[in-house]
>>> print(open('final-v1.csv').read())   # CSV, C-alpha atoms
chain,number,residue,atom,x,y,z
A,1,MET,CA,20.1,-40.6,11.5
A,2,ASN,CA,22.8,-39.3,13.9
A,3,PRO,CA,21.3,-36.6,16.3
A,4,VAL,CA,24.3,-34.4,15.8
A,5,THR,CA,24.0,-34.7,12.0
A,6,SER,CA,20.3,-34.0,12.2
A,7,ALA,CA,20.8,-30.9,14.4
A,8,GLN,CA,23.5,-29.6,12.0
A,9,SER,CA,21.2,-30.1,9.0
A,10,THR,CA,18.4,-28.3,10.8
A,11,LEU,CA,20.7,-25.4,11.7
A,12,HIS,CA,22.0,-25.3,8.2
A,13,ARG,CA,18.5,-25.0,6.8
A,14,TRP,CA,17.6,-22.3,9.3
A,15,GLY,CA,20.8,-20.4,8.4
A,16,ARG,CA,20.0,-20.6,4.7
A,17,ALA,CA,16.5,-19.4,5.3
A,18,ALA,CA,17.7,-16.6,7.4
A,19,ARG,CA,20.3,-15.6,4.8
A,20,ALA,CA,17.7,-15.7,2.1
A,21,SER,CA,15.3,-13.6,4.1
A,22,TRP,CA,18.0,-11.1,4.9
A,23,ASP,CA,19.0,-10.9,1.2
A,24,ALA,CA,15.4,-10.3,0.2
A,25,TRP,CA,14.8,-7.5,2.7
A,26,TRP,CA,18.2,-5.9,1.8
A,27,HIS,CA,17.3,-6.1,-1.9
A,28,THR,CA,13.9,-4.5,-1.1
A,29,LEU,CA,15.6,-1.6,0.7
A,30,LEU,CA,18.1,-1.1,-2.0
A,31,VAL,CA,15.6,-1.1,-4.8
A,32,GLY,CA,13.3,1.2,-2.8
A,33,ALA,CA,16.1,3.7,-2.3
A,34,GLN,CA,17.0,3.6,-6.0
A,35,ILE,CA,13.4,4.2,-7.0
A,36,LEU,CA,13.1,7.1,-4.5
A,37,VAL,CA,16.2,8.7,-5.9
A,38,LEU,CA,15.0,8.3,-9.5
A,39,ALA,CA,11.5,9.6,-8.6
A,40,LEU,CA,13.1,12.8,-7.2
A,41,SER,CA,15.5,13.2,-10.1
A,42,PRO,CA,14.3,15.5,-13.0
A,43,THR,CA,16.4,13.6,-15.5
A,44,SER,CA,14.1,10.6,-15.0
A,45,TYR,CA,11.4,12.5,-16.8
A,46,SER,CA,13.5,14.3,-19.4
A,47,ALA,CA,12.8,11.9,-22.2
A,48,GLY,CA,9.4,11.9,-23.7
A,49,THR,CA,9.1,8.1,-23.6
A,50,HIS,CA,9.8,8.1,-19.9
A,51,ARG,CA,7.1,10.8,-19.2
A,52,ARG,CA,4.6,8.8,-21.4
A,53,ALA,CA,5.4,5.6,-19.5
A,54,VAL,CA,4.8,7.4,-16.1
A,55,PHE,CA,1.5,8.9,-17.2
A,56,GLU,CA,0.3,5.6,-18.6
A,57,SER,CA,1.2,3.9,-15.3
A,58,LEU,CA,-0.7,6.6,-13.3
A,59,TYR,CA,-3.8,6.0,-15.5
A,60,ARG,CA,-3.6,2.2,-15.4
A,61,ALA,CA,-3.0,2.2,-11.6
A,62,THR,CA,-6.0,4.5,-10.9
A,63,ALA,CA,-8.7,4.7,-13.5
A,64,PRO,CA,-9.7,0.9,-13.6
A,65,LEU,CA,-9.8,0.8,-9.8
A,66,LEU,CA,-11.5,4.1,-9.1
A,67,THR,CA,-15.2,3.2,-9.6
A,68,TRP,CA,-15.1,-0.2,-8.0
A,69,PHE,CA,-13.0,1.0,-5.0
A,70,LEU,CA,-15.2,4.0,-4.3
A,71,THR,CA,-18.4,1.9,-4.6
A,72,LEU,CA,-17.0,-0.8,-2.3
A,73,SER,CA,-15.7,1.8,0.1
A,74,ALA,CA,-19.0,3.7,0.2
A,75,LEU,CA,-20.9,0.4,1.0
A,76,VAL,CA,-18.5,-0.6,3.7
A,77,SER,CA,-18.4,2.9,5.2
A,78,LEU,CA,-22.2,3.1,5.2
A,79,VAL,CA,-22.5,-0.2,7.0
A,80,LEU,CA,-20.0,0.7,9.7
A,81,ILE,CA,-21.5,4.2,10.1
A,82,ARG,CA,-25.0,2.7,10.7
A,83,ILE,CA,-23.6,0.2,13.2
A,84,VAL,CA,-21.6,2.7,15.2
A,85,VAL,CA,-24.4,5.3,15.2
A,86,ALA,CA,-27.1,2.8,16.2
A,87,THR,CA,-24.9,1.3,18.9
A,88,ALA,CA,-23.9,4.7,20.3
A,89,THR,CA,-27.5,5.9,20.4
A,90,SER,CA,-28.7,2.8,22.1
A,91,TYR,CA,-26.2,3.3,24.9
A,92,GLY,CA,-26.8,7.1,25.1
A,93,LEU,CA,-23.3,7.9,23.8
A,94,SER,CA,-24.3,9.5,20.5
A,95,GLN,CA,-22.1,12.5,21.2
A,96,TYR,CA,-19.1,10.2,20.8
A,97,ALA,CA,-20.3,8.6,17.6
A,98,LEU,CA,-18.7,11.1,15.3
A,99,GLU,CA,-15.3,10.9,16.9
A,100,VAL,CA,-15.3,7.1,16.9
A,101,LEU,CA,-16.3,7.0,13.2
A,102,VAL,CA,-13.6,9.5,12.1
A,103,ARG,CA,-10.9,7.8,14.1
A,104,THR,CA,-11.7,4.2,13.1
A,105,LEU,CA,-13.0,4.7,9.6
A,106,VAL,CA,-11.0,7.6,8.2
A,107,LEU,CA,-7.8,7.5,10.2
A,108,GLU,CA,-7.3,3.7,10.4
A,109,LEU,CA,-9.4,1.6,8.0
A,110,ILE,CA,-9.5,3.5,4.8
A,111,PRO,CA,-5.7,4.0,4.2
A,112,LEU,CA,-5.2,0.3,5.1
A,113,TYR,CA,-7.7,-1.2,2.7
A,114,ALA,CA,-6.8,1.4,0.0
A,115,ALA,CA,-3.2,0.1,0.2
A,116,LEU,CA,-4.2,-3.5,0.1
A,117,PHE,CA,-6.7,-3.0,-2.7
A,118,VAL,CA,-4.1,-1.4,-4.9
A,119,ALA,CA,-1.6,-4.1,-4.0
A,120,VAL,CA,-3.9,-6.9,-5.0
A,121,ARG,CA,-5.4,-5.3,-8.1
A,122,TYR,CA,-2.4,-3.5,-9.6
A,123,ALA,CA,1.0,-3.8,-7.8
A,124,MET,CA,1.3,-7.6,-7.4
A,125,PRO,CA,0.0,-8.4,-10.9
A,126,GLY,CA,2.3,-5.8,-12.3
A,127,ALA,CA,5.2,-7.3,-10.4
A,128,GLN,CA,4.5,-10.7,-11.8
A,129,ALA,CA,4.3,-9.3,-15.3
A,130,VAL,CA,7.7,-7.7,-14.8
A,131,ARG,CA,9.2,-11.0,-13.6
A,132,LYS,CA,7.7,-12.9,-16.5
A,133,GLN,CA,9.1,-10.4,-18.9
A,134,LEU,CA,12.6,-10.7,-17.3
A,135,ALA,CA,12.3,-14.5,-17.5
A,136,LEU,CA,11.5,-14.3,-21.2
A,137,GLN,CA,14.4,-11.9,-21.8
A,138,GLN,CA,16.8,-14.1,-19.8
A,139,ARG,CA,15.9,-17.1,-21.9
A,140,ALA,CA,16.5,-15.0,-25.0
A,141,GLY,CA,19.8,-13.9,-23.7
A,142,ARG,CA,19.0,-10.1,-23.6
A,143,LEU,CA,18.4,-9.1,-20.0
A,144,PRO,CA,18.2,-5.3,-19.7
A,145,GLU,CA,20.8,-3.3,-17.7
A,146,ARG,CA,19.7,-2.6,-14.1
A,147,GLN,CA,19.5,1.1,-14.6
A,148,MET,CA,17.2,0.6,-17.7
A,149,LEU,CA,15.1,-1.8,-15.8
A,150,LEU,CA,14.6,0.7,-12.9
A,151,VAL,CA,13.8,3.6,-15.2
A,152,ASN,CA,11.7,1.9,-17.8
A,153,GLU,CA,9.8,-0.7,-15.8
A,154,LEU,CA,10.0,-0.3,-12.0
A,155,LEU,CA,9.8,3.5,-11.7
A,156,PRO,CA,6.6,4.1,-13.7
A,157,ARG,CA,4.8,1.2,-11.9
A,158,ALA,CA,6.0,2.4,-8.5
A,159,LEU,CA,4.8,6.0,-9.1
A,160,GLY,CA,1.5,4.6,-10.3
A,161,CYS,CA,1.1,2.6,-7.1
A,162,VAL,CA,1.9,5.7,-4.9
A,163,PHE,CA,-0.5,7.9,-6.8
A,164,SER,CA,-3.2,5.3,-6.8
A,165,VAL,CA,-3.1,4.7,-3.0
A,166,LEU,CA,-3.0,8.4,-2.2
A,167,LEU,CA,-5.8,9.3,-4.5
A,168,LEU,CA,-8.1,6.4,-3.5
A,169,ALA,CA,-7.5,7.0,0.2
A,170,GLY,CA,-8.2,10.7,-0.1
A,171,LEU,CA,-11.4,10.3,-2.2
A,172,SER,CA,-12.6,7.4,0.0
A,173,SER,CA,-12.0,9.5,3.2
A,174,LEU,CA,-14.0,12.4,1.6
A,175,VAL,CA,-16.9,10.0,0.7
A,176,ALA,CA,-16.8,8.5,4.2
A,177,LEU,CA,-17.0,12.0,5.8
A,178,ILE,CA,-20.0,13.0,3.6
A,179,LEU,CA,-21.8,9.7,4.3
A,180,THR,CA,-21.2,10.2,8.0
A,181,TYR,CA,-22.7,13.7,7.9
A,182,LEU,CA,-25.8,12.5,5.9
A,183,THR,CA,-26.3,9.6,8.2
A,184,VAL,CA,-26.2,11.7,11.4
A,185,TYR,CA,-27.8,15.0,10.2
A,186,GLY,CA,-29.5,14.1,7.0
A,187,PHE,CA,-29.6,16.8,4.3
A,188,SER,CA,-30.0,19.6,6.9
A,189,PRO,CA,-27.3,22.3,6.7
A,190,TRP,CA,-27.7,23.2,10.4
A,191,GLY,CA,-25.5,20.4,11.6
A,192,LEU,CA,-22.5,21.6,9.6
A,193,PRO,CA,-20.9,23.8,12.2
A,194,GLY,CA,-21.0,21.2,14.9
A,195,TYR,CA,-19.9,18.5,12.5
A,196,THR,CA,-16.8,20.4,11.2
A,197,HIS,CA,-15.9,21.3,14.8
A,198,ALA,CA,-16.1,17.6,15.8
A,199,VAL,CA,-14.0,16.5,12.8
A,200,GLY,CA,-11.5,19.3,13.3
A,201,GLY,CA,-11.2,18.2,17.0
A,202,VAL,CA,-10.0,14.8,15.8
A,203,PHE,CA,-7.6,16.1,13.1
A,204,THR,CA,-5.2,17.9,15.3
A,205,PRO,CA,-1.8,18.8,13.7
A,206,ALA,CA,-0.1,15.8,15.2
A,207,VAL,CA,-2.9,13.4,14.1
A,208,SER,CA,-3.0,14.9,10.6
A,209,LEU,CA,0.8,14.5,10.3
A,210,ILE,CA,0.7,10.9,11.4
A,211,PHE,CA,-2.3,10.2,9.0
A,212,SER,CA,-0.4,11.7,6.1
A,213,LEU,CA,2.8,10.0,6.8
A,214,LYS,CA,1.1,6.6,7.3
A,215,THR,CA,-0.8,6.9,4.0
A,216,LEU,CA,2.4,7.9,2.3
A,217,PHE,CA,4.4,5.0,3.7
A,218,PHE,CA,1.6,2.6,2.9
A,219,SER,CA,1.8,3.8,-0.8
A,220,LEU,CA,5.6,3.4,-0.8
A,221,ALA,CA,5.4,-0.1,0.7
A,222,VAL,CA,2.8,-1.1,-2.0
A,223,ALA,CA,5.0,0.4,-4.7
A,224,VAL,CA,8.4,-1.0,-3.6
A,225,VAL,CA,7.9,-4.4,-1.9
A,226,PRO,CA,6.3,-6.4,-4.8
A,227,LEU,CA,8.4,-4.7,-7.5
A,228,ALA,CA,11.7,-5.3,-5.7
A,229,ALA,CA,10.8,-9.0,-5.4
A,230,SER,CA,10.1,-9.2,-9.1
A,231,ALA,CA,13.6,-7.8,-9.9
A,232,GLN,CA,15.4,-10.2,-7.6
A,233,PRO,CA,16.7,-13.5,-9.2
A,234,ASP,CA,16.6,-16.7,-7.2
A,235,ALA,CA,19.5,-18.6,-5.8
A,236,LEU,CA,20.4,-19.9,-9.3
A,237,GLY,CA,20.2,-16.5,-10.9
A,238,ASN,CA,16.9,-17.3,-12.7
A,239,TYR,CA,13.6,-15.3,-12.7
A,240,THR,CA,11.3,-18.1,-11.9
A,241,ARG,CA,7.7,-17.4,-10.7
A,242,ARG,CA,7.3,-16.6,-7.0
A,243,SER,CA,4.5,-17.5,-4.8
A,244,ASP,CA,1.8,-14.8,-4.6
A,245,MET,CA,1.0,-15.7,-1.0
A,246,SER,CA,4.6,-15.3,0.2
A,247,GLU,CA,4.9,-12.0,-1.5
A,248,PHE,CA,1.6,-10.7,-0.1
A,249,ALA,CA,2.7,-11.9,3.4
A,250,ARG,CA,5.9,-9.9,3.1
A,251,LEU,CA,4.0,-6.8,2.0
A,252,PHE,CA,1.4,-7.3,4.7
A,253,SER,CA,4.1,-7.5,7.3
A,254,VAL,CA,5.4,-4.1,6.2
A,255,VAL,CA,2.0,-2.6,6.1
A,256,LEU,CA,1.2,-4.0,9.6
A,257,LEU,CA,4.4,-2.6,11.0
A,258,ILE,CA,3.5,0.9,9.7
A,259,GLU,CA,0.0,0.6,11.1
A,260,VAL,CA,1.3,-0.4,14.6
A,261,VAL,CA,3.8,2.5,14.6
A,262,SER,CA,1.0,4.9,13.6
A,263,LEU,CA,-1.3,3.6,16.4
A,264,VAL,CA,1.5,4.1,18.9
A,265,GLY,CA,2.0,7.6,17.7
A,266,ASN,CA,-1.8,8.4,17.8
A,267,TYR,CA,-2.8,6.8,21.1
A,268,TYR,CA,0.3,6.6,23.3
>>> encode(input="final-v1.csv", output="structure tokens")
Amino acid sequence: MNPVTSAQSTLHRWGRAARASWDAWWHTLLVGAQILVLALSPTSYSAGTHRRAVFESLYRATAPLLTWFLTLSALVSLVLIRIVVATATSYGLSQYALEVLVRTLVLELIPLYAALFVAVRYAMPGAQAVRKQLALQQRAGRLPERQMLLVNELLPRALGCVFSVLLLAGLSSLVALILTYLTVYGFSPWGLPGYTHAVGGVFTPAVSLIFSLKTLFFSLAVAVVPLAASAQPDALGNYTRRSDMSEFARLFSVVLLIEVVSLVGNYY
């Protein structure tokens, strides 16, 4: 093959890939903005069917995951707490164990794996279900209008994702703090003043704000990125099945970017 022709073909493929990536991210931003506007609009909840759909999504996104996530979170937290406390004690740094645990476990790890847990167990399967439904409706020649798709399908699932991530992260953080106290002080109430002082020293106003915003943006990413991809037709205008790995990679890149920004805000 002619080298010039080969180079042109390569550049053409790269250009098409870049254009497709740009279109996908722009579509994600557009759908995310539309979902946010609908979520803040009272008219989205005026009809009884819409309210019922939202409540059903909140339940389905949270109740089936709650027991398993809290159990898994408690086990992981307990293992990490034992490792950090034992290591700090062996090096004579036990006075720093509480701060390290709160910063690593509560501030960084719990919001991250709460978001990924909800994404894998609810958001991505829900997005695939929406795309499958759109494919069936397309073959039947009765695709819904975009506004109806947003209100009836995407908005309830997105609100369910946001609620689930926030609730699971909050409850898991509370469980981790309780387990930390019990591991360090046991069931004695005498360590409570020093423990609350140490935890309060970590949660300064700036750190608390960054923690809250990070968890909120995690929940928004989990809610928007998979659902936006499910509502985007391919180059031929069809709703064919997308690769779960590519969609998870796109979501993980957004979550990783949020995590990096929060780390910069906390430690620099």
>>> closest_residue(input="final-v1.csv", among="A:Leu29, A:Leu136, A:Leu227, A:Leu177", to="Arg242 (chain A)", atoms="only C-alpha atoms")
A:Leu227
>>> atom_distance(input="final-v1.csv", atom1="CA of Leu150 (chain A)", atom2="CA of Gly170 (chain A)")
28.0 Å
>>> closest_residue(input="final-v1.csv", among="A:Ser21, A:Thr71, A:Ser164, A:Thr180", to="Ala123 (chain A)", atoms="all atoms listed in the file")
A:Ser164
>>> closest_residue(input="final-v1.csv", among="A:Ala231, A:Val260, A:Ala61, A:Val118", to="Lys132 (chain A)", atoms="only C-alpha atoms")
A:Ala231
>>> residues_around(input="final-v1.csv", residues="region 155-159 of chain A", least_positions_apart="5", cutoff="7 Å", atoms="only C-alpha atoms", output="mmCIF file with C-alpha atoms, in the coordinates of the input")
data_model
loop_
_atom_site.group_PDB
_atom_site.id
_atom_site.type_symbol
_atom_site.label_atom_id
_atom_site.label_comp_id
_atom_site.auth_asym_id
_atom_site.auth_seq_id
_atom_site.Cartn_x
_atom_site.Cartn_y
_atom_site.Cartn_z
ATOM 1 C CA ILE A 35 13.400 4.200 -7.000
ATOM 2 C CA ALA A 53 5.400 5.600 -19.500
ATOM 3 C CA VAL A 54 4.800 7.400 -16.100
ATOM 4 C CA SER A 57 1.200 3.900 -15.300
ATOM 5 C CA LEU A 58 -0.700 6.600 -13.300
ATOM 6 C CA LEU A 150 14.600 0.700 -12.900
ATOM 7 C CA ALA A 223 5.000 0.400 -4.700
ATOM 8 C CA VAL A 224 8.400 -1.000 -3.600
#
>>> residues_around(input="final-v1.csv", residues="region 84-100 of chain A", least_positions_apart="2", cutoff="9 Å", atoms="only C-alpha atoms", output="PyMOL selection string")
chain A and resi 79-82+102-105+180-181+183-184+195+198-199+201-202
>>> atom_distance(input="final-v1.csv", atom1="CA of Arg131 (chain A)", atom2="CA of Thr240 (chain A)")
7.6 Å
>>> atom_distance(input="final-v1.csv", atom1="CA of His197 (chain A)", atom2="CA of Leu216 (chain A)")
25.9 Å
>>> closest_residue(input="final-v1.csv", among="A:Ala176, A:Leu213, A:Ala228, A:Ala206", to="Leu251 (chain A)", atoms="all atoms listed in the file")
A:Ala228
>>> residues_near_point(input="final-v1.csv", point="(5.0, -17.3, -4.4)", cutoff="12 Å", atoms="all atoms listed in the file", output="VMD selection string")
chain A and resid 124 127 to 128 131 226 229 to 230 234 240 to 250
>>> closest_residue(input="final-v1.csv", among="A:Val151, A:Gln133, A:Val162, A:Pro111", to="Ile210 (chain A)", atoms="all atoms listed in the file")
A:Pro111
>>> closest_residue(input="final-v1.csv", among="A:Glu153, A:Ala221, A:Val175, A:Thr215", to="Thr49 (chain A)", atoms="all atoms listed in the file")
A:Glu153
>>> decode(input="final-v1.csv", residues="region 116-131 of chain A", atoms="N, CA, C and O atoms", output="compact mmCIF listing (two decimals), in the first residue's frame")
# COMPACT_ATOMS: atom_id res chain seq x y z
N LEU A 116 -18.98 3.28 42.61
CA LEU A 116 -18.74 2.16 41.69
C LEU A 116 -19.70 1.01 41.94
O LEU A 116 -20.13 0.32 41.01
N PHE A 117 -20.05 0.78 43.20
CA PHE A 117 -21.00 -0.29 43.54
C PHE A 117 -22.37 -0.01 42.93
O PHE A 117 -22.98 -0.89 42.31
N VAL A 118 -22.85 1.21 43.08
CA VAL A 118 -24.15 1.57 42.51
C VAL A 118 -24.09 1.53 40.98
O VAL A 118 -25.04 1.10 40.32
N ALA A 119 -22.96 1.94 40.42
CA ALA A 119 -22.82 1.92 38.97
C ALA A 119 -22.92 0.50 38.42
O ALA A 119 -23.62 0.26 37.43
N VAL A 120 -22.22 -0.43 39.05
CA VAL A 120 -22.19 -1.80 38.54
C VAL A 120 -23.50 -2.54 38.81
O VAL A 120 -23.98 -3.30 37.96
N ARG A 121 -24.10 -2.31 39.98
CA ARG A 121 -25.28 -3.07 40.36
C ARG A 121 -26.60 -2.45 39.89
O ARG A 121 -27.59 -3.17 39.77
N TYR A 122 -26.63 -1.15 39.64
CA TYR A 122 -27.92 -0.54 39.27
C TYR A 122 -27.84 0.33 38.02
O TYR A 122 -28.63 0.15 37.09
N ALA A 123 -26.90 1.27 37.98
CA ALA A 123 -26.90 2.26 36.90
C ALA A 123 -26.64 1.63 35.53
O ALA A 123 -27.40 1.87 34.58
N MET A 124 -25.60 0.82 35.42
CA MET A 124 -25.28 0.25 34.12
C MET A 124 -26.29 -0.80 33.66
O MET A 124 -26.69 -0.78 32.48
N PRO A 125 -26.75 -1.71 34.51
CA PRO A 125 -27.85 -2.59 34.07
C PRO A 125 -29.11 -1.82 33.69
O PRO A 125 -29.80 -2.19 32.73
N GLY A 126 -29.41 -0.75 34.43
CA GLY A 126 -30.57 0.06 34.08
C GLY A 126 -30.40 0.74 32.73
O GLY A 126 -31.35 0.85 31.94
N ALA A 127 -29.19 1.22 32.45
CA ALA A 127 -28.93 1.85 31.16
C ALA A 127 -29.07 0.85 30.02
O ALA A 127 -29.61 1.17 28.96
N GLN A 128 -28.59 -0.37 30.22
CA GLN A 128 -28.74 -1.39 29.19
C GLN A 128 -30.21 -1.75 28.97
O GLN A 128 -30.64 -2.02 27.84
N ALA A 129 -31.00 -1.74 30.06
CA ALA A 129 -32.43 -2.02 29.93
C ALA A 129 -33.12 -0.93 29.12
O ALA A 129 -34.00 -1.21 28.29
N VAL A 130 -32.75 0.33 29.37
CA VAL A 130 -33.32 1.44 28.60
C VAL A 130 -32.96 1.31 27.13
O VAL A 130 -33.80 1.50 26.25
N ARG A 131 -31.71 0.97 26.85
CA ARG A 131 -31.28 0.86 25.45
C ARG A 131 -31.98 -0.31 24.76
O ARG A 131 -32.37 -0.21 23.58
